[in-house]
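So this block is structure_5.csv, CSV, C-alpha atoms:
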chain,number,residue,atom,x,y,z
A,92,MET,CA,31.5,31.6,-25.3
A,93,GLN,CA,32.0,35.1,-26.7
A,94,ASP,CA,33.3,36.3,-23.4
A,95,LEU,CA,36.1,33.8,-23.3
A,96,PRO,CA,39.5,35.2,-24.4
A,97,ASN,CA,41.3,33.7,-27.4
A,98,PHE,CA,43.8,31.0,-26.6
A,99,ASN,CA,46.8,30.3,-28.6
A,100,ILE,CA,49.3,27.7,-27.3
A,101,LEU,CA,52.1,29.4,-29.2
A,102,ASP,CA,51.8,32.3,-26.7
A,103,TYR,CA,53.1,29.8,-24.1
A,104,LEU,CA,55.7,27.8,-26.0
A,105,LYS,CA,58.6,30.3,-25.7
A,106,SER,CA,61.4,27.8,-24.9
A,107,GLU,CA,62.5,24.2,-25.4
A,108,GLU,CA,61.5,23.6,-21.8
A,109,ASP,CA,58.0,24.9,-22.5
A,110,ILE,CA,57.8,22.6,-25.5
A,111,ALA,CA,59.0,19.6,-23.6
A,112,GLY,CA,56.3,20.2,-20.9
A,113,TYR,CA,53.6,20.6,-23.5
A,114,MET,CA,54.6,17.4,-25.3
A,115,GLN,CA,54.8,15.5,-22.0
A,116,ALA,CA,51.2,16.5,-21.2
A,117,VAL,CA,50.0,15.6,-24.7
A,118,LEU,CA,51.6,12.2,-24.5
A,119,GLN,CA,50.1,11.5,-21.1
A,120,ASP,CA,46.6,12.3,-22.6
A,121,GLY,CA,47.2,9.5,-25.2
A,122,ASP,CA,44.9,11.0,-27.9
A,123,PRO,CA,46.5,10.5,-31.4
A,124,GLU,CA,44.7,13.5,-32.9
A,125,LEU,CA,45.9,15.7,-30.1
A,126,LEU,CA,49.4,14.4,-30.6
A,127,ALA,CA,49.3,15.2,-34.3
A,128,ALA,CA,48.1,18.7,-33.6
A,129,ALA,CA,50.8,19.2,-31.0
A,130,PHE,CA,53.5,18.2,-33.5
A,131,LEU,CA,52.3,21.1,-35.7
A,132,ASP,CA,52.2,23.5,-32.7
A,133,VAL,CA,55.8,22.5,-31.8
A,134,GLU,CA,57.0,22.9,-35.4
A,135,GLU,CA,55.5,26.4,-35.5
A,136,ALA,CA,56.8,27.3,-32.0
A,137,ARG,CA,60.4,26.2,-33.0
A,138,ARG,CA,60.2,28.4,-36.2
A,139,ASP,CA,59.3,31.3,-33.9
A,140,LEU,CA,62.2,30.5,-31.5
A,141,GLN,CA,64.6,30.6,-34.4
A,142,SER,CA,63.5,34.0,-35.7
What does this structure look like when you write it as structure tokens?
Amino acid sequence: MQDLPNFNILDYLKSEEDIAGYMQAVLQDGDPELLAAAFLDVEEARRDLQS
């Protein structure tokens, strides 16, 4: 596990199109906990897009 690189979804959510694709994948999964976490990711990504 130590050899795995750090992963941060925010590194990949750089546009509204990226966010839409991410949310589509999360919704297809159907996991409510994943959906809740994704909403927080999207909120943070959109703050980054505005700055």
In Å to one decimal, how far is atom CA of Glu124 of chain A from atom CA of Leu104 of chain A? 19.3 Å
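Taking atom CA of Gly121 of chain A and atom CA of Leu95 of chain A as the two end points, the separation is 26.8 Å.
Counting from atom CA of Leu140 of chain A, the distance to atom CA of Tyr113 of chain A is 15.4 Å.
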Give as an NGL selection string each residue that has an atom at most 12 Å from (55.2, 26.0, -25.7) in the file, counting only C-alpha atoms. :A and (99-117 or 129-140)
Any chance you could model N, CA and C atoms for segment 116-131 of chain A and send them as a CSV table (one decimal), keeping the file's coordinate frame?
chain,number,residue,atom,x,y,z
A,116,ALA,N,52.6,16.5,-21.5
A,116,ALA,CA,51.2,16.5,-21.2
A,116,ALA,C,50.4,15.9,-22.3
A,117,VAL,N,50.7,16.2,-23.5
A,117,VAL,CA,50.0,15.6,-24.7
A,117,VAL,C,50.2,14.1,-24.7
A,118,LEU,N,51.4,13.7,-24.5
A,118,LEU,CA,51.6,12.2,-24.5
A,118,LEU,C,50.9,11.5,-23.4
A,119,GLN,N,50.8,12.1,-22.2
A,119,GLN,CA,50.1,11.5,-21.1
A,119,GLN,C,48.6,11.4,-21.5
A,120,ASP,N,48.1,12.3,-22.3
A,120,ASP,CA,46.6,12.3,-22.6
A,120,ASP,C,46.4,11.0,-23.5
A,121,GLY,N,47.3,10.7,-24.4
A,121,GLY,CA,47.2,9.5,-25.2
A,121,GLY,C,46.3,9.6,-26.4
A,122,ASP,N,45.8,10.8,-26.8
A,122,ASP,CA,44.9,11.0,-27.9
A,122,ASP,C,45.8,11.3,-29.2
A,123,PRO,N,45.7,10.4,-30.2
A,123,PRO,CA,46.5,10.5,-31.4
A,123,PRO,C,46.3,11.8,-32.2
A,124,GLU,N,45.0,12.2,-32.2
A,124,GLU,CA,44.7,13.5,-32.9
A,124,GLU,C,45.3,14.7,-32.2
A,125,LEU,N,45.3,14.7,-30.9
A,125,LEU,CA,45.9,15.7,-30.1
A,125,LEU,C,47.4,15.7,-30.3
A,126,LEU,N,48.0,14.6,-30.4
A,126,LEU,CA,49.4,14.4,-30.6
A,126,LEU,C,49.8,15.0,-32.0
A,127,ALA,N,49.0,14.7,-33.0
A,127,ALA,CA,49.3,15.2,-34.3
A,127,ALA,C,49.2,16.7,-34.4
A,128,ALA,N,48.2,17.3,-33.7
A,128,ALA,CA,48.1,18.7,-33.6
A,128,ALA,C,49.3,19.4,-32.8
A,129,ALA,N,49.7,18.7,-31.8
A,129,ALA,CA,50.8,19.2,-31.0
A,129,ALA,C,52.1,19.2,-31.8
A,130,PHE,N,52.3,18.2,-32.6
A,130,PHE,CA,53.5,18.2,-33.5
A,130,PHE,C,53.5,19.5,-34.4
A,131,LEU,N,52.4,19.9,-34.9
A,131,LEU,CA,52.3,21.1,-35.7
A,131,LEU,C,52.5,22.3,-34.9
